[in-house]
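Below is the file query03.tsv, which contains TSV, C-alpha atoms.
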```tsv
chain	number	residue	atom	x	y	z
A	2	MET	CA	97.02	117.67	72.29
A	3	ALA	CA	99.83	120.19	72.33
A	4	GLY	CA	97.62	122.71	74.17
A	5	GLU	CA	97.43	120.32	77.13
A	6	PHE	CA	101.18	120.54	77.68
A	7	ILE	CA	101.93	124.21	78.09
A	8	ASN	CA	103.10	125.76	81.34
A	9	VAL	CA	103.89	122.30	82.80
A	10	LYS	CA	105.18	122.35	86.38
A	11	ILE	CA	106.06	119.37	88.54
A	12	ASN	CA	105.07	119.49	92.22
A	13	LYS	CA	105.53	115.92	93.49
A	14	VAL	CA	107.10	112.70	92.22
A	15	ALA	CA	106.86	109.19	93.67
A	16	ILE	CA	108.43	106.04	92.32
A	17	HIS	CA	107.73	102.37	93.00
A	18	LYS	CA	109.01	99.15	91.43
A	19	ILE	CA	106.97	96.45	89.71
A	20	PHE	CA	108.31	93.07	88.65
A	21	LYS	CA	108.15	90.69	85.73
A	22	ARG	CA	105.89	87.75	86.43
A	23	GLU	CA	107.36	84.28	86.19
A	24	ASP	CA	103.84	82.80	86.31
A	25	ARG	CA	101.02	84.90	84.86
A	26	LYS	CA	98.72	83.87	87.72
A	27	VAL	CA	101.11	84.96	90.48
A	28	LEU	CA	101.58	88.65	91.24
A	29	ILE	CA	104.97	89.61	92.60
A	30	PRO	CA	104.14	92.42	95.04
A	31	PRO	CA	105.52	95.84	94.07
A	32	VAL	CA	108.15	97.54	96.21
A	33	PHE	CA	106.70	100.82	97.46
A	34	ASN	CA	108.65	103.87	98.57
A	35	ASN	CA	107.57	105.79	101.64
A	36	GLN	CA	108.63	109.26	100.54
A	37	CYS	CA	108.43	111.49	97.52
A	38	SER	CA	111.49	111.98	95.35
A	39	GLU	CA	113.09	115.40	95.66
A	40	LEU	CA	114.04	116.69	92.22
A	41	ASN	CA	116.16	119.75	91.65
A	42	VAL	CA	115.24	122.35	89.00
A	43	GLU	CA	117.34	120.67	86.30
A	44	ALA	CA	115.80	117.25	86.97
A	45	LYS	CA	112.26	118.67	86.89
A	46	ARG	CA	113.04	120.43	83.62
A	47	ALA	CA	114.32	117.17	82.09
A	48	LEU	CA	111.25	115.25	83.27
A	49	VAL	CA	108.91	117.91	81.84
A	50	THR	CA	110.81	117.66	78.53
A	51	ARG	CA	110.43	113.85	78.48
A	52	ILE	CA	106.69	114.07	79.21
A	53	THR	CA	105.94	116.81	76.67
A	54	LYS	CA	108.03	115.02	74.03
A	55	ALA	CA	106.00	111.84	74.63
A	56	PHE	CA	102.84	113.75	73.72
A	57	GLY	CA	104.27	116.02	71.01
A	58	ASN	CA	103.08	116.32	67.41
A	59	GLU	CA	105.47	113.63	66.15
A	60	SER	CA	104.87	111.15	68.97
A	61	HIS	CA	101.78	109.47	67.49
A	62	SER	CA	100.17	109.54	70.94
A	63	LEU	CA	96.46	108.93	71.27
A	64	LYS	CA	93.90	110.73	73.35
A	65	MET	CA	91.72	108.15	75.09
A	66	LYS	CA	88.39	108.27	76.81
A	67	ILE	CA	88.17	106.57	80.20
A	68	GLU	CA	85.34	104.05	80.19
A	69	ASP	CA	85.71	102.57	83.66
A	70	THR	CA	84.68	105.07	86.33
A	71	SER	CA	83.76	102.46	88.97
A	72	GLU	CA	84.80	102.74	92.62
A	73	LYS	CA	88.04	100.79	92.01
A	74	SER	CA	89.06	102.50	88.77
A	75	ILE	CA	92.08	104.70	88.12
A	76	TYR	CA	89.67	107.49	87.23
A	77	LYS	CA	87.94	107.28	90.63
A	78	LEU	CA	91.22	107.11	92.55
A	79	ILE	CA	92.55	110.23	90.84
A	80	THR	CA	89.33	112.26	91.03
A	81	ASP	CA	88.98	111.38	94.72
A	82	PHE	CA	92.60	112.47	95.30
A	83	TRP	CA	91.87	115.86	93.74
A	84	LYS	CA	89.21	116.38	96.46
A	85	THR	CA	91.81	115.97	99.25
A	86	LYS	CA	94.51	118.27	100.63
A	87	GLN	CA	96.90	116.53	98.21
A	88	ASP	CA	99.68	116.44	100.79
A	89	ASP	CA	102.66	114.09	100.51
A	90	GLN	CA	101.02	111.20	102.39
A	91	GLU	CA	97.82	111.35	100.32
A	92	PHE	CA	99.90	111.54	97.14
A	93	LEU	CA	102.04	108.57	98.19
A	94	GLU	CA	98.92	106.56	99.00
A	95	LEU	CA	97.47	107.37	95.56
A	96	SER	CA	100.77	106.46	93.88
A	97	ARG	CA	100.86	103.08	95.68
A	98	LYS	CA	97.30	102.27	94.62
A	99	LEU	CA	97.97	103.25	91.00
A	100	THR	CA	101.16	101.16	90.96
A	101	LEU	CA	99.35	98.14	92.38
A	102	LEU	CA	96.58	98.47	89.77
A	103	LEU	CA	99.22	98.47	87.01
A	104	ALA	CA	101.03	95.45	88.50
A	105	VAL	CA	97.75	93.51	88.79
A	106	ALA	CA	96.72	94.40	85.22
A	107	GLN	CA	100.00	93.21	83.69
A	108	LYS	CA	99.39	89.46	83.71
A	109	SER	CA	101.68	88.57	80.83
A	110	CYS	CA	105.15	87.23	81.52
A	111	ILE	CA	106.63	89.39	78.75
A	112	TYR	CA	106.58	92.61	80.79
A	113	LEU	CA	109.97	93.38	82.32
A	114	ASP	CA	110.76	94.84	85.73
A	115	ALA	CA	109.97	98.54	85.68
A	116	ILE	CA	109.80	101.67	87.76
A	117	VAL	CA	106.41	103.36	87.97
A	118	VAL	CA	106.85	107.11	88.15
A	119	ILE	CA	103.81	109.02	89.41
A	120	VAL	CA	103.95	112.77	88.84
A	121	LYS	CA	101.67	115.45	90.27
A	122	GLY	CA	101.81	118.87	88.73
A	123	THR	CA	99.99	121.59	86.85
A	124	SER	CA	99.66	122.45	83.18
A	125	LYS	CA	97.69	124.60	80.75
A	126	ALA	CA	97.40	128.35	80.89
A	127	TYR	CA	95.21	128.16	84.02
A	128	ASN	CA	97.41	125.70	86.00
A	129	ALA	CA	95.11	122.68	85.85
A	130	ASP	CA	96.18	119.83	88.12
A	131	PHE	CA	97.49	116.70	86.43
A	132	ILE	CA	98.59	113.23	87.43
A	133	ALA	CA	100.96	111.38	85.10
A	134	ILE	CA	101.63	107.66	85.39
A	135	ILE	CA	104.79	106.55	83.60
A	136	LYS	CA	105.96	102.96	83.32
A	137	ALA	CA	109.71	103.31	82.78
A	138	GLU	CA	111.72	100.24	81.92
A	139	ILE	CA	115.12	100.04	83.53
A	140	GLN	CA	118.12	100.34	81.21
A	141	ASP	CA	121.85	100.14	81.57
A	142	GLY	CA	124.59	102.41	80.33
A	143	PHE	CA	127.79	104.18	81.20
A	144	ASN	CA	128.59	107.34	83.08
A	145	ILE	CA	131.77	109.37	83.36
A	146	ILE	CA	132.91	110.13	86.87
A	147	GLU	CA	135.78	112.34	87.90
A	148	ASN	CA	138.22	111.05	90.47
A	149	ASN	CA	141.27	113.15	91.43
A	150	GLY	CA	141.19	114.96	88.07
A	151	GLU	CA	140.87	111.72	86.08
A	152	GLN	CA	137.86	110.91	83.89
A	153	LEU	CA	136.78	107.32	84.59
A	154	LEU	CA	134.11	105.18	82.99
A	155	SER	CA	131.47	103.78	85.34
A	156	TYR	CA	128.76	101.22	84.51
A	157	MET	CA	125.20	101.85	85.69
A	158	ASN	CA	122.34	99.34	85.47
A	159	THR	CA	119.55	101.48	86.95
A	160	LEU	CA	118.97	104.12	84.28
A	161	LEU	CA	115.48	105.21	83.32
A	162	LEU	CA	113.76	108.06	81.52
A	163	THR	CA	116.82	108.68	79.37
A	164	ARG	CA	116.61	111.11	76.48
A	165	GLN	CA	116.66	108.23	73.98
A	166	GLN	CA	114.07	106.07	75.76
A	167	LYS	CA	110.63	106.26	74.23
A	168	LEU	CA	107.84	106.62	76.76
A	169	HIS	CA	105.31	104.22	75.28
A	170	LYS	CA	103.50	103.65	78.54
A	171	ILE	CA	102.27	106.91	80.00
A	172	GLY	CA	98.90	108.08	81.19
A	173	PHE	CA	98.21	111.76	81.69
A	174	PHE	CA	95.10	112.81	83.62
A	175	ILE	CA	94.14	116.50	83.67
A	176	ASN	CA	91.66	117.94	86.12
A	177	ASN	CA	89.52	120.09	83.86
A	178	GLN	CA	87.41	121.37	86.73
A	179	VAL	CA	88.02	125.08	87.15
A	180	ALA	CA	87.79	126.14	90.79
A	181	GLY	CA	85.52	129.09	91.22
```
Final structure tokens representation of the file:
Amino acid sequence: MAGEFINVKINKVAIHKIFKREDRKVLIPPVFNNQCSELNVEAKRALVTRITKAFGNESHSLKMKIEDTSEKSIYKLITDFWKTKQDDQEFLELSRKLTLLLAVAQKSCIYLDAIVVIVKGTSKAYNADFIAIIKAEIQDGFNIIENNGEQLLSYMNTLLLTRQQKLHKIGFFINNQVAG
């Protein structure tokens, strides 16, 4: 799978929040954002590193075949998106639908609140489009802030995609159609 993750570039990122169910029969509606996240070069580089590490030789990741290609499937949503202009609004609409599908599918009460990170980019030597769906659990930790020359410790309870966090829940869809 390493060949899939060369020349990775991130073009768009959207995030939405899904919630732990208190009752497995009752969906708590996700919170959807209405704009794409703007990442600077350093943030994009870190996200690419996290994604490629998740699929690296030592990650024990599995390549799966998509069985469900029905009208309401993830496969159909993504392939239909690739036929559009792929502008911000179309991407946000796709990201909302993918997030809702994940929230609906997670019926167990054991799943914690999480941020769903949807990434659009290109990879491979020929810049094939990809969509990545990452379920990132929220963590807490500490940060150092500088205030008037003093180093102060600050607590944060909204960390995700940290270097130490394993990305166990990630889907990576590559458009293998070569435009000609």
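Take the candidates A:Arg46, A:Val27, A:Gly150, A:His17 and check each one against A:Leu93 using only C-alpha atoms; the shortest distance goes to A:His17.
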Inset, instruction - Between A:Leu28, A:Ala15, A:Leu160, A:Ile7, single out the one closest to A:Ala104, counting only C-alpha atoms. - result: A:Leu28
With 12 Å as the cut-off and all atoms listed in the file counted, what is the closest atom pair between each nearby residue of stretch 10-105 of chain A and stretch 130-137 of chain A? Distances in Å to one decimal, ordered by chain and number, as a tab-separated table.
```
residue	atom	partner	partner_atom	distance
A:Lys10	CA	A:Asp130	CA	9.5
A:Ile11	CA	A:Phe131	CA	9.2
A:Asn12	CA	A:Asp130	CA	9.8
A:Lys13	CA	A:Ile132	CA	9.6
A:Val14	CA	A:Ala133	CA	9.5
A:Ala15	CA	A:Ile134	CA	9.9
A:Ile16	CA	A:Ile135	CA	9.5
A:His17	CA	A:Lys136	CA	9.9
A:Lys18	CA	A:Lys136	CA	9.5
A:Ile19	CA	A:Lys136	CA	9.2
A:Phe20	CA	A:Lys136	CA	11.5
A:Leu48	CA	A:Ile135	CA	10.8
A:Val49	CA	A:Ala133	CA	10.8
A:Arg51	CA	A:Ile135	CA	10.6
A:Ile52	CA	A:Ala133	CA	8.6
A:Thr53	CA	A:Ala133	CA	11.2
A:Ala55	CA	A:Ile135	CA	10.5
A:Phe56	CA	A:Ala133	CA	11.8
A:Ile75	CA	A:Ile134	CA	10.4
A:Tyr76	CA	A:Ile132	CA	10.6
A:Leu78	CA	A:Ile132	CA	10.9
A:Ile79	CA	A:Ile132	CA	7.6
A:Thr80	CA	A:Ile132	CA	10.0
A:Phe82	CA	A:Ile132	CA	9.9
A:Trp83	CA	A:Asp130	CA	8.1
A:Lys84	CA	A:Asp130	CA	11.4
A:Gln87	CA	A:Asp130	CA	10.6
A:Phe92	CA	A:Ile132	CA	9.9
A:Leu95	CA	A:Ile132	CA	10.1
A:Ser96	CA	A:Ile134	CA	8.6
A:Arg97	CA	A:Ile134	CA	11.3
A:Lys98	CA	A:Ile134	CA	11.5
A:Leu99	CA	A:Ile134	CA	8.0
A:Thr100	CA	A:Ile134	CA	8.6
A:Leu102	CA	A:Ile134	CA	11.4
A:Leu103	CA	A:Lys136	CA	8.9
A:Ala104	CA	A:Lys136	CA	10.4
```
Legend entry - Nearest to A:Phe173, chosen from A:Glu138, A:Leu101, A:Ser124, A:Thr159, with all atoms listed in the file counted in the distances: A:Ser124
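One distance worth recording is that between atom CA of A:Gln140 and atom CA of A:Arg164, which is 11.9 Å.
When atom CA of A:Phe33 is paired with atom CA of A:Val118, their separation reads 11.2 Å.
Compared by their closest atoms to A:Pro31, and using all atoms listed in the file, the residues A:Ala44, A:Ala115, A:Ile175, A:Leu161 rank with A:Ala115 nearest.
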Legend entry - A:Asn158 environment, 9 Å, all atoms listed in the file, sequence neighbours closer than 4 positions dropped, as a VMD selection string: chain A and resid 139 to 143
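Candidate residues A:Glu23, A:Glu68, A:Glu151, A:Glu39 were compared for distance to A:Cys110, and the nearest is A:Glu23, using only C-alpha atoms.
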Legend entry - Separation of atom CA of A:Gln90 from atom CA of A:Gln36, in Å and rounded to one decimal: 8.1 Å
